[in-house]
>>> print(open('final-v5.cif').read())   # mmCIF, C-alpha atoms (C1' of nucleotides); chains and numbers go by the auth columns
data_final
#
loop_
_atom_site.group_PDB
_atom_site.id
_atom_site.type_symbol
_atom_site.label_atom_id
_atom_site.label_comp_id
_atom_site.label_asym_id
_atom_site.label_seq_id
_atom_site.Cartn_x
_atom_site.Cartn_y
_atom_site.Cartn_z
_atom_site.B_iso_or_equiv
_atom_site.auth_seq_id
_atom_site.auth_asym_id
ATOM 1 C CA MET A 1 156.134 84.119 133.987 0.00 1 V
ATOM 2 C CA SER A 2 152.928 84.604 135.892 0.00 2 V
ATOM 3 C CA PHE A 3 151.765 82.516 138.763 0.00 3 V
ATOM 4 C CA SER A 4 149.199 80.732 136.641 0.00 4 V
ATOM 5 C CA ASP A 5 151.839 79.913 134.038 0.00 5 V
ATOM 6 C CA LYS A 6 153.837 78.186 136.705 0.00 6 V
ATOM 7 C CA VAL A 7 150.794 76.311 137.859 0.00 7 V
ATOM 8 C CA LEU A 8 150.199 74.915 134.405 0.00 8 V
ATOM 9 C CA GLU A 9 153.848 73.966 134.019 0.00 9 V
ATOM 10 C CA LYS A 10 153.899 72.110 137.301 0.00 10 V
ATOM 11 C CA THR A 11 150.635 70.408 136.561 0.00 11 V
ATOM 12 C CA LYS A 12 152.102 68.946 133.410 0.00 12 V
ATOM 13 C CA GLN A 13 154.802 67.300 135.505 0.00 13 V
ATOM 14 C CA ILE A 14 152.411 65.077 137.381 0.00 14 V
ATOM 15 C CA PRO A 15 153.087 61.520 136.216 0.00 15 V
ATOM 16 C CA LYS A 16 150.303 59.249 135.111 0.00 16 V
ATOM 17 C CA GLY A 17 148.847 57.231 137.905 0.00 17 V
ATOM 18 C CA LYS A 18 149.668 59.853 140.496 0.00 18 V
ATOM 19 C CA VAL A 19 147.925 62.893 141.890 0.00 19 V
ATOM 20 C CA THR A 20 148.896 66.041 143.712 0.00 20 V
ATOM 21 C CA THR A 21 147.037 68.615 145.722 0.00 21 V
ATOM 22 C CA TYR A 22 146.201 72.239 145.174 0.00 22 V
ATOM 23 C CA LYS A 23 148.280 73.030 148.201 0.00 23 V
ATOM 24 C CA LEU A 24 151.425 71.238 147.082 0.00 24 V
ATOM 25 C CA LEU A 25 151.043 72.740 143.662 0.00 25 V
ATOM 26 C CA ALA A 26 150.817 76.169 145.228 0.00 26 V
ATOM 27 C CA LYS A 27 153.933 75.541 147.261 0.00 27 V
ATOM 28 C CA ALA A 28 155.783 74.353 144.186 0.00 28 V
ATOM 29 C CA CYS A 29 154.868 77.656 142.583 0.00 29 V
ATOM 30 C CA GLY A 30 156.270 79.718 145.383 0.00 30 V
ATOM 31 C CA ASN A 31 153.323 80.366 147.664 0.00 31 V
ATOM 32 C CA SER A 32 152.220 77.573 149.979 0.00 32 V
ATOM 33 C CA ARG A 33 148.978 79.340 150.766 0.00 33 V
ATOM 34 C CA ALA A 34 147.766 79.952 147.245 0.00 34 V
ATOM 35 C CA GLY A 35 145.829 76.729 146.881 0.00 35 V
ATOM 36 C CA ARG A 36 142.686 78.594 146.112 0.00 36 V
ATOM 37 C CA ALA A 37 144.327 80.621 143.399 0.00 37 V
ATOM 38 C CA VAL A 38 145.647 77.413 141.880 0.00 38 V
ATOM 39 C CA GLY A 39 142.130 76.102 141.589 0.00 39 V
ATOM 40 C CA ASN A 40 141.062 79.259 139.839 0.00 40 V
ATOM 41 C CA THR A 41 143.843 78.947 137.318 0.00 41 V
ATOM 42 C CA LEU A 42 142.997 75.375 136.438 0.00 42 V
ATOM 43 C CA ASN A 43 139.360 76.260 136.118 0.00 43 V
ATOM 44 C CA LYS A 44 139.787 79.200 133.799 0.00 44 V
ATOM 45 C CA ASN A 45 142.307 77.569 131.533 0.00 45 V
ATOM 46 C CA ILE A 46 140.462 75.039 129.472 0.00 46 V
ATOM 47 C CA CYS A 47 142.695 72.150 130.458 0.00 47 V
ATOM 48 C CA SER A 48 141.047 69.576 128.284 0.00 48 V
ATOM 49 C CA TYR A 49 142.618 66.208 128.631 0.00 49 V
ATOM 50 C CA LEU A 50 139.985 64.572 126.494 0.00 50 V
ATOM 51 C CA SER A 51 138.580 66.969 123.957 0.00 51 V
ATOM 52 C CA ASN A 52 141.946 68.465 123.122 0.00 52 V
ATOM 53 C CA ALA A 53 143.835 65.198 123.328 0.00 53 V
ATOM 54 C CA LYS A 54 144.901 65.662 119.721 0.00 54 V
ATOM 55 C CA LYS A 55 146.781 68.801 120.467 0.00 55 V
ATOM 56 C CA ASN A 56 149.955 68.927 122.501 0.00 56 V
ATOM 57 C CA ASN A 57 148.079 70.747 125.124 0.00 57 V
ATOM 58 C CA LYS A 58 147.478 67.974 127.570 0.00 58 V
ATOM 59 C CA ILE A 59 147.382 69.349 131.035 0.00 59 V
ATOM 60 C CA PRO A 60 146.255 66.599 133.405 0.00 60 V
ATOM 61 C CA CYS A 61 144.210 68.810 135.620 0.00 61 V
ATOM 62 C CA HIS A 62 142.232 65.800 136.827 0.00 62 V
ATOM 63 C CA ARG A 63 145.304 64.762 138.802 0.00 63 V
ATOM 64 C CA VAL A 64 144.890 67.661 141.192 0.00 64 V
ATOM 65 C CA VAL A 65 142.805 67.040 144.290 0.00 65 V
ATOM 66 C CA TYR A 66 142.084 68.331 147.773 0.00 66 V
ATOM 67 C CA SER A 67 144.797 67.961 150.384 0.00 67 V
ATOM 68 C CA ASP A 68 142.607 65.708 152.514 0.00 68 V
ATOM 69 C CA GLY A 69 142.191 63.066 149.817 0.00 69 V
ATOM 70 C CA ARG A 70 138.832 64.182 148.560 0.00 70 V
ATOM 71 C CA ILE A 71 138.407 64.734 144.854 0.00 71 V
ATOM 72 C CA GLY A 72 137.858 68.435 144.596 0.00 72 V
ATOM 73 C CA GLY A 73 136.283 70.148 141.632 0.00 73 V
ATOM 74 C CA PHE A 74 136.271 69.842 137.908 0.00 74 V
ATOM 75 C CA SER A 75 134.837 72.077 135.258 0.00 75 V
ATOM 76 C CA LYS A 76 133.093 69.240 133.432 0.00 76 V
ATOM 77 C CA GLY A 77 131.828 67.732 136.681 0.00 77 V
ATOM 78 C CA ILE A 78 133.672 65.648 139.231 0.00 78 V
ATOM 79 C CA LYS A 79 132.098 62.512 137.842 0.00 79 V
ATOM 80 C CA ARG A 80 134.214 62.922 134.744 0.00 80 V
ATOM 81 C CA LYS A 81 137.251 63.499 136.885 0.00 81 V
ATOM 82 C CA VAL A 82 136.723 60.277 138.811 0.00 82 V
ATOM 83 C CA VAL A 83 136.466 58.313 135.589 0.00 83 V
ATOM 84 C CA LEU A 84 139.731 59.743 134.339 0.00 84 V
ATOM 85 C CA LEU A 85 141.452 58.859 137.591 0.00 85 V
ATOM 86 C CA HIS A 86 140.147 55.322 137.425 0.00 86 V
ATOM 87 C CA GLU A 87 141.548 54.978 133.955 0.00 87 V
ATOM 88 C CA GLU A 88 144.959 55.731 135.407 0.00 88 V
ATOM 89 C CA GLY A 89 144.661 53.198 138.161 0.00 89 V
ATOM 90 C CA ILE A 90 143.685 55.541 140.953 0.00 90 V
ATOM 91 C CA LYS A 91 140.741 54.215 142.886 0.00 91 V
ATOM 92 C CA VAL A 92 138.084 56.458 144.283 0.00 92 V
ATOM 93 C CA LYS A 93 135.426 55.426 146.755 0.00 93 V
ATOM 94 C CA ASN A 94 132.756 57.658 148.199 0.00 94 V
ATOM 95 C CA GLY A 95 134.459 60.759 146.896 0.00 95 V
ATOM 96 C CA ARG A 96 137.749 59.803 148.472 0.00 96 V
ATOM 97 C CA ILE A 97 140.989 58.583 146.986 0.00 97 V
ATOM 98 C CA LEU A 98 142.009 55.172 148.280 0.00 98 V
ATOM 99 C CA ASP A 99 145.580 54.785 149.465 0.00 99 V
ATOM 100 C CA PHE A 100 145.978 58.491 149.071 0.00 100 V
ATOM 101 C CA GLU A 101 149.476 58.880 150.528 0.00 101 V
ATOM 102 C CA ASN A 102 150.736 56.174 148.217 0.00 102 V
ATOM 103 C CA VAL A 103 149.602 57.777 144.963 0.00 103 V
ATOM 104 C CA LEU A 104 150.392 61.317 146.004 0.00 104 V
ATOM 105 C CA PHE A 105 153.058 62.934 143.864 0.00 105 V
ATOM 106 C CA LYS A 106 155.204 65.462 145.708 0.00 106 V
ATOM 107 C CA PHE A 107 157.395 67.781 143.729 0.00 107 V
ATOM 108 C "C1'" DA B 1 142.931 101.348 144.723 0.00 1 F
ATOM 109 C "C1'" DT B 2 138.650 98.407 145.957 0.00 2 F
ATOM 110 C "C1'" DA B 3 135.556 94.589 145.341 0.00 3 F
ATOM 111 C "C1'" DT B 4 134.370 90.105 143.752 0.00 4 F
ATOM 112 C "C1'" DT B 5 135.113 85.390 142.654 0.00 5 F
ATOM 113 C "C1'" DG B 6 136.250 80.643 143.245 0.00 6 F
ATOM 114 C "C1'" DA B 7 138.288 73.260 141.237 0.00 7 F
ATOM 115 C "C1'" DC B 8 141.514 75.647 148.641 0.00 8 F
ATOM 116 C "C1'" DA B 9 142.764 74.745 153.727 0.00 9 F
ATOM 117 C "C1'" DT B 10 142.317 74.987 158.834 0.00 10 F
ATOM 118 C "C1'" DT B 11 140.101 75.722 162.856 0.00 11 F
ATOM 119 C "C1'" DT B 12 136.161 75.646 165.759 0.00 12 F
ATOM 120 C "C1'" DA B 13 131.549 74.274 167.386 0.00 13 F
ATOM 121 C "C1'" DA C 1 131.504 63.026 161.600 0.00 1 N
ATOM 122 C "C1'" DT C 2 129.477 67.346 159.782 0.00 2 N
ATOM 123 C "C1'" DA C 3 129.001 72.204 159.199 0.00 3 N
ATOM 124 C "C1'" DA C 4 130.125 76.904 159.682 0.00 4 N
ATOM 125 C "C1'" DA C 5 133.465 80.371 160.197 0.00 5 N
ATOM 126 C "C1'" DT C 6 137.820 82.298 159.003 0.00 6 N
ATOM 127 C "C1'" DG C 7 141.912 83.016 156.482 0.00 7 N
ATOM 128 C "C1'" DC C 8 144.110 82.988 151.855 0.00 8 N
ATOM 129 C "C1'" DC C 9 145.514 84.165 147.089 0.00 9 N
ATOM 130 C "C1'" DA C 10 145.779 85.566 142.080 0.00 10 N
ATOM 131 C "C1'" DA C 11 143.098 87.199 138.408 0.00 11 N
ATOM 132 C "C1'" DT C 12 139.528 90.191 136.761 0.00 12 N
ATOM 133 C "C1'" DA C 13 136.284 93.943 136.550 0.00 13 N
#
>>> encode(input="final-v5.cif", output="structure tokens")
Amino acid sequence: MSFSDKVLEKTKQIPKGKVTTYKLLAKACGNSRAGRAVGNTLNKNICSYLSNAKKNNKIPCHRVVYSDGRIGGFSKGIKRKVVLLHEEGIKVKNGRILDFENVLFKF
DNA sequence: ATATTGACATTTA
DNA sequence: ATAAATGCCAATA
């Protein structure tokens, strides 16, 4: 099992309505400092939550954000990411997650 | 083995 | 508060 495989597995565990950070995800995969590598993995793997919704593939990569409560990146544009988060009840204002600590999922 | 590339994170100015 | 400078890591070429 490669690092990126673990990342995808862990990402699937994030419950709806919650988010986690690249850092925590990295730690959950064995290396607390691999946040950057986590981002790369999510970017390369086409983690389509919308377009591939039919398939069993759903990897909620939009639930992964920066450790400081900012949104972070998204392959289809962060605007899309914000919309998805809103649909799950997570509020975002000025590029920041409101009540961040409260919606943060820790493994 | 070396270099490059990012959806990161901290520290410093 | 904002920006730049470092440090970091896995995958890829």
>>> resolve_selection(input="final-v5.cif", expression="the PyMOL selection byres ((chain F) within 12 of (chain V))", output="list in words")
DT5, DG6, DA7, DC8, DA9 and DT10 of chain F
>>> resolve_selection(input="final-v5.cif", expression="the PyMOL selection byres ((chain N) within 12 of (chain V))", output="compact mmCIF listing (two decimals) with C-alpha atoms (C1' of nucleotides), in the frame of the given file")
# COMPACT_ATOMS: atom_id res chain seq x y z
C1' DG N 7 141.91 83.02 156.48
C1' DC N 8 144.11 82.99 151.85
C1' DC N 9 145.51 84.16 147.09
C1' DA N 10 145.78 85.57 142.08
C1' DA N 11 143.10 87.20 138.41
C1' DT N 12 139.53 90.19 136.76
>>> resolve_selection(input="final-v5.cif", expression="the PyMOL selection byres ((chain V and resi 14) around 9)", output="list in words")
Lys10, Thr11, Lys12, Gln13, Pro15, Lys16, Gly17, Lys18, Val19, Thr20, Pro60, Arg63, Val64, Phe105, Lys106 and Phe107 of chain V
>>> atom_distance(input="final-v5.cif", atom1="atom CA of Val103 of chain V", atom2="atom CA of Met1 of chain V")
29.3 Å
>>> atom_distance(input="final-v5.cif", atom1="atom C1' of DT4 of chain F", atom2="atom CA of Asn45 of chain V")
19.2 Å
>>> axis_aligned_box(input="final-v5.cif", around="chain F", padding_each_side="3 Å", output="AutoDock Vina command-line options")
--center_x 137.2 --center_y 87.3 --center_z 154.3 --size_x 17.4 --size_y 34.1 --size_z 32.1
>>> atom_distance(input="final-v5.cif", atom1="atom CA of Leu84 of chain V", atom2="atom CA of Arg96 of chain V")
14.3 Å
>>> residues_around(input="final-v5.cif", residues="DA5 of chain N", least_positions_apart="6", cutoff="12 Å", atoms="only C-alpha atoms (C1' of nucleotides)", output="count of residues only")
4
>>> decode(input="final-v5.cif", residues="segment 1-12 of chain F", atoms="all heavy atoms", output="short mmCIF file (atom, residue, chain, number, x, y, z; two decimals), in the first residue's frame")
data_model
loop_
_atom_site.label_atom_id
_atom_site.label_comp_id
_atom_site.auth_asym_id
_atom_site.auth_seq_id
_atom_site.Cartn_x
_atom_site.Cartn_y
_atom_site.Cartn_z
P DA F 1 20.93 6.30 -4.34
OP1 DA F 1 19.90 5.41 -4.42
OP2 DA F 1 21.86 6.54 -3.38
"O5'" DA F 1 21.35 6.87 -5.79
"C5'" DA F 1 22.69 7.06 -6.12
"C4'" DA F 1 22.80 8.29 -6.98
"O4'" DA F 1 21.93 8.10 -8.12
"C3'" DA F 1 22.33 9.55 -6.28
"O3'" DA F 1 23.08 10.67 -6.67
"C2'" DA F 1 20.88 9.68 -6.73
"C1'" DA F 1 20.92 9.09 -8.13
N9 DA F 1 19.66 8.44 -8.47
C8 DA F 1 19.08 7.36 -7.88
N7 DA F 1 17.92 7.03 -8.42
C5 DA F 1 17.75 7.94 -9.43
C6 DA F 1 16.73 8.14 -10.37
N6 DA F 1 15.65 7.38 -10.44
N1 DA F 1 16.87 9.14 -11.25
C2 DA F 1 17.95 9.90 -11.19
N3 DA F 1 18.98 9.82 -10.35
C4 DA F 1 18.81 8.81 -9.48
P DT F 2 22.87 12.09 -6.01
OP1 DT F 2 24.17 12.76 -5.96
OP2 DT F 2 22.05 11.89 -4.79
"O5'" DT F 2 21.98 12.86 -7.09
"C5'" DT F 2 22.42 12.92 -8.43
"C4'" DT F 2 21.60 13.96 -9.19
"O4'" DT F 2 20.38 13.35 -9.66
"C3'" DT F 2 21.17 15.16 -8.36
"O3'" DT F 2 21.24 16.32 -9.18
"C2'" DT F 2 19.75 14.83 -7.95
"C1'" DT F 2 19.27 14.06 -9.17
N1 DT F 2 18.20 13.05 -8.94
C2 DT F 2 17.17 12.96 -9.85
O2 DT F 2 17.09 13.67 -10.84
N3 DT F 2 16.23 12.00 -9.57
C4 DT F 2 16.22 11.14 -8.50
O4 DT F 2 15.32 10.34 -8.37
C5 DT F 2 17.32 11.29 -7.57
C7 DT F 2 17.40 10.41 -6.37
C6 DT F 2 18.26 12.22 -7.84
P DA F 3 20.71 17.75 -8.70
OP1 DA F 3 21.52 18.79 -9.35
OP2 DA F 3 20.48 17.77 -7.24
"O5'" DA F 3 19.29 17.74 -9.43
"C5'" DA F 3 19.23 17.58 -10.83
"C4'" DA F 3 17.87 18.02 -11.34
"O4'" DA F 3 16.90 16.97 -11.10
"C3'" DA F 3 17.33 19.27 -10.66
"O3'" DA F 3 16.69 20.07 -11.65
"C2'" DA F 3 16.35 18.73 -9.63
"C1'" DA F 3 15.84 17.46 -10.29
N9 DA F 3 15.47 16.38 -9.38
C8 DA F 3 16.12 15.96 -8.27
N7 DA F 3 15.54 14.94 -7.66
C5 DA F 3 14.44 14.68 -8.45
C6 DA F 3 13.40 13.71 -8.36
N6 DA F 3 13.33 12.81 -7.40
N1 DA F 3 12.46 13.73 -9.31
C2 DA F 3 12.53 14.63 -10.28
N3 DA F 3 13.45 15.59 -10.47
C4 DA F 3 14.38 15.55 -9.51
P DT F 4 15.93 21.43 -11.25
OP1 DT F 4 16.13 22.40 -12.34
OP2 DT F 4 16.30 21.78 -9.87
"O5'" DT F 4 14.42 20.96 -11.31
"C5'" DT F 4 14.03 20.08 -12.36
"C4'" DT F 4 12.52 19.90 -12.33
"O4'" DT F 4 12.18 18.77 -11.50
"C3'" DT F 4 11.75 21.08 -11.76
"O3'" DT F 4 10.56 21.26 -12.52
"C2'" DT F 4 11.45 20.66 -10.34
"C1'" DT F 4 11.25 19.17 -10.52
N1 DT F 4 11.47 18.34 -9.31
C2 DT F 4 10.60 17.30 -9.08
O2 DT F 4 9.66 17.03 -9.81
N3 DT F 4 10.86 16.57 -7.97
C4 DT F 4 11.89 16.77 -7.06
O4 DT F 4 12.02 16.05 -6.08
C5 DT F 4 12.76 17.88 -7.36
C7 DT F 4 13.90 18.19 -6.45
C6 DT F 4 12.52 18.60 -8.47
P DT F 5 9.68 22.59 -12.33
OP1 DT F 5 9.29 23.07 -13.67
OP2 DT F 5 10.32 23.49 -11.36
"O5'" DT F 5 8.37 21.98 -11.66
"C5'" DT F 5 7.82 20.80 -12.22
"C4'" DT F 5 6.73 20.26 -11.31
"O4'" DT F 5 7.29 19.49 -10.25
"C3'" DT F 5 5.84 21.33 -10.65
"O3'" DT F 5 4.49 20.95 -10.80
"C2'" DT F 5 6.26 21.28 -9.20
"C1'" DT F 5 6.63 19.82 -9.04
N1 DT F 5 7.52 19.49 -7.93
C2 DT F 5 7.24 18.36 -7.18
O2 DT F 5 6.29 17.63 -7.39
N3 DT F 5 8.13 18.10 -6.17
C4 DT F 5 9.24 18.84 -5.83
O4 DT F 5 9.95 18.51 -4.90
C5 DT F 5 9.47 20.01 -6.65
C7 DT F 5 10.62 20.88 -6.35
C6 DT F 5 8.61 20.27 -7.65
P DG F 6 3.35 22.12 -10.96
OP1 DG F 6 2.07 21.36 -10.90
OP2 DG F 6 3.58 23.04 -12.06
"O5'" DG F 6 3.57 22.93 -9.61
"C5'" DG F 6 2.52 23.30 -8.73
"C4'" DG F 6 1.86 22.10 -8.10
"O4'" DG F 6 2.90 21.20 -7.61
"C3'" DG F 6 1.01 22.46 -6.92
"O3'" DG F 6 -0.13 21.60 -6.83
"C2'" DG F 6 1.95 22.26 -5.72
"C1'" DG F 6 2.84 21.13 -6.19
N9 DG F 6 4.21 21.29 -5.68
C8 DG F 6 5.08 22.32 -5.94
N7 DG F 6 6.23 22.20 -5.33
C5 DG F 6 6.12 21.03 -4.62
C6 DG F 6 7.06 20.38 -3.78
O6 DG F 6 8.20 20.73 -3.48
N1 DG F 6 6.53 19.19 -3.25
C2 DG F 6 5.27 18.71 -3.51
N2 DG F 6 4.94 17.56 -2.92
N3 DG F 6 4.39 19.30 -4.32
C4 DG F 6 4.88 20.45 -4.83
P DA F 7 -1.53 22.06 -7.46
OP1 DA F 7 -1.95 20.79 -7.98
OP2 DA F 7 -1.40 23.26 -8.31
"O5'" DA F 7 -2.56 22.45 -6.31
"C5'" DA F 7 -2.07 22.98 -5.21
"C4'" DA F 7 -2.92 22.90 -3.98
"O4'" DA F 7 -4.29 22.54 -4.19
"C3'" DA F 7 -2.36 21.90 -3.00
"O3'" DA F 7 -2.52 22.43 -1.71
"C2'" DA F 7 -3.25 20.68 -3.20
"C1'" DA F 7 -4.59 21.35 -3.48
N9 DA F 7 -5.44 20.51 -4.31
C8 DA F 7 -5.32 20.34 -5.66
N7 DA F 7 -6.23 19.52 -6.13
C5 DA F 7 -7.00 19.16 -5.02
C6 DA F 7 -8.11 18.34 -4.85
N6 DA F 7 -8.68 17.70 -5.84
N1 DA F 7 -8.61 18.20 -3.61
C2 DA F 7 -8.02 18.85 -2.62
N3 DA F 7 -6.98 19.65 -2.64
C4 DA F 7 -6.51 19.77 -3.89
P DC F 8 -1.45 23.37 -1.12
OP1 DC F 8 -2.22 24.44 -0.56
OP2 DC F 8 -0.32 23.65 -2.00
"O5'" DC F 8 -0.85 22.53 0.08
"C5'" DC F 8 -1.52 21.44 0.66
"C4'" DC F 8 -0.84 21.16 1.97
"O4'" DC F 8 0.58 21.21 1.76
"C3'" DC F 8 -1.15 22.16 3.07
"O3'" DC F 8 -1.21 21.51 4.33
"C2'" DC F 8 0.02 23.11 3.02
"C1'" DC F 8 1.15 22.18 2.63
N1 DC F 8 2.23 22.89 1.93
C2 DC F 8 3.48 22.94 2.53
O2 DC F 8 3.66 22.38 3.61
N3 DC F 8 4.47 23.61 1.90
C4 DC F 8 4.25 24.21 0.73
N4 DC F 8 5.24 24.85 0.15
C5 DC F 8 2.97 24.14 0.11
C6 DC F 8 2.01 23.50 0.74
P DA F 9 -1.55 22.42 5.61
OP1 DA F 9 -2.16 21.52 6.60
OP2 DA F 9 -2.25 23.62 5.17
"O5'" DA F 9 -0.12 22.83 6.14
"C5'" DA F 9 0.76 21.84 6.61
"C4'" DA F 9 1.84 22.43 7.51
"O4'" DA F 9 2.86 23.07 6.71
"C3'" DA F 9 1.33 23.49 8.48
"O3'" DA F 9 2.04 23.34 9.70
"C2'" DA F 9 1.67 24.79 7.77
"C1'" DA F 9 2.97 24.44 7.08
N9 DA F 9 3.24 25.19 5.85
C8 DA F 9 2.38 25.54 4.86
N7 DA F 9 2.93 26.22 3.87
C5 DA F 9 4.26 26.31 4.25
C6 DA F 9 5.39 26.90 3.64
N6 DA F 9 5.35 27.54 2.48
N1 DA F 9 6.57 26.81 4.28
C2 DA F 9 6.61 26.17 5.46
N3 DA F 9 5.63 25.58 6.12
C4 DA F 9 4.47 25.68 5.46
P DT F 10 1.63 24.13 11.03
OP1 DT F 10 1.21 23.18 12.05
OP2 DT F 10 0.74 25.25 10.65
"O5'" DT F 10 3.03 24.75 11.46
"C5'" DT F 10 3.90 25.08 10.40
"C4'" DT F 10 5.25 25.48 10.91
"O4'" DT F 10 5.91 26.11 9.82
"C3'" DT F 10 5.18 26.52 12.02
"O3'" DT F 10 6.39 26.48 12.77
"C2'" DT F 10 5.00 27.78 11.23
"C1'" DT F 10 5.87 27.52 9.99
N1 DT F 10 5.32 28.10 8.74
C2 DT F 10 6.22 28.67 7.87
O2 DT F 10 7.43 28.69 8.08
N3 DT F 10 5.66 29.20 6.74
C4 DT F 10 4.33 29.23 6.40
O4 DT F 10 3.96 29.76 5.35
C5 DT F 10 3.44 28.62 7.36
C7 DT F 10 1.97 28.60 7.09
C6 DT F 10 3.99 28.08 8.47
P DT F 11 6.51 27.60 13.95
OP1 DT F 11 7.15 26.88 15.07
OP2 DT F 11 5.25 28.34 14.16
"O5'" DT F 11 7.58 28.61 13.32
"C5'" DT F 11 8.69 28.09 12.60
"C4'" DT F 11 9.48 29.22 11.95
"O4'" DT F 11 8.81 29.70 10.77
"C3'" DT F 11 9.68 30.44 12.86
"O3'" DT F 11 11.03 30.88 12.67
"C2'" DT F 11 8.68 31.45 12.31
"C1'" DT F 11 8.70 31.11 10.83
N1 DT F 11 7.50 31.50 10.07
C2 DT F 11 7.67 32.16 8.87
O2 DT F 11 8.77 32.45 8.43
N3 DT F 11 6.52 32.46 8.20
C4 DT F 11 5.23 32.19 8.60
O4 DT F 11 4.27 32.51 7.90
C5 DT F 11 5.11 31.50 9.86
C7 DT F 11 3.76 31.15 10.40
C6 DT F 11 6.24 31.19 10.53
P DT F 12 11.59 32.03 13.66
OP1 DT F 12 12.92 31.59 14.09
OP2 DT F 12 10.57 32.40 14.66
"O5'" DT F 12 11.76 33.25 12.63
"C5'" DT F 12 12.19 32.96 11.32
"C4'" DT F 12 12.14 34.22 10.46
"O4'" DT F 12 10.83 34.36 9.85
"C3'" DT F 12 12.40 35.52 11.21
"O3'" DT F 12 13.28 36.31 10.42
"C2'" DT F 12 11.02 36.15 11.33
"C1'" DT F 12 10.34 35.66 10.07
N1 DT F 12 8.87 35.56 10.10
C2 DT F 12 8.17 35.96 9.00
O2 DT F 12 8.71 36.42 7.99
N3 DT F 12 6.80 35.82 9.09
C4 DT F 12 6.09 35.32 10.17
O4 DT F 12 4.88 35.25 10.11
C5 DT F 12 6.90 34.92 11.30
C7 DT F 12 6.23 34.39 12.52
C6 DT F 12 8.24 35.05 11.21
#
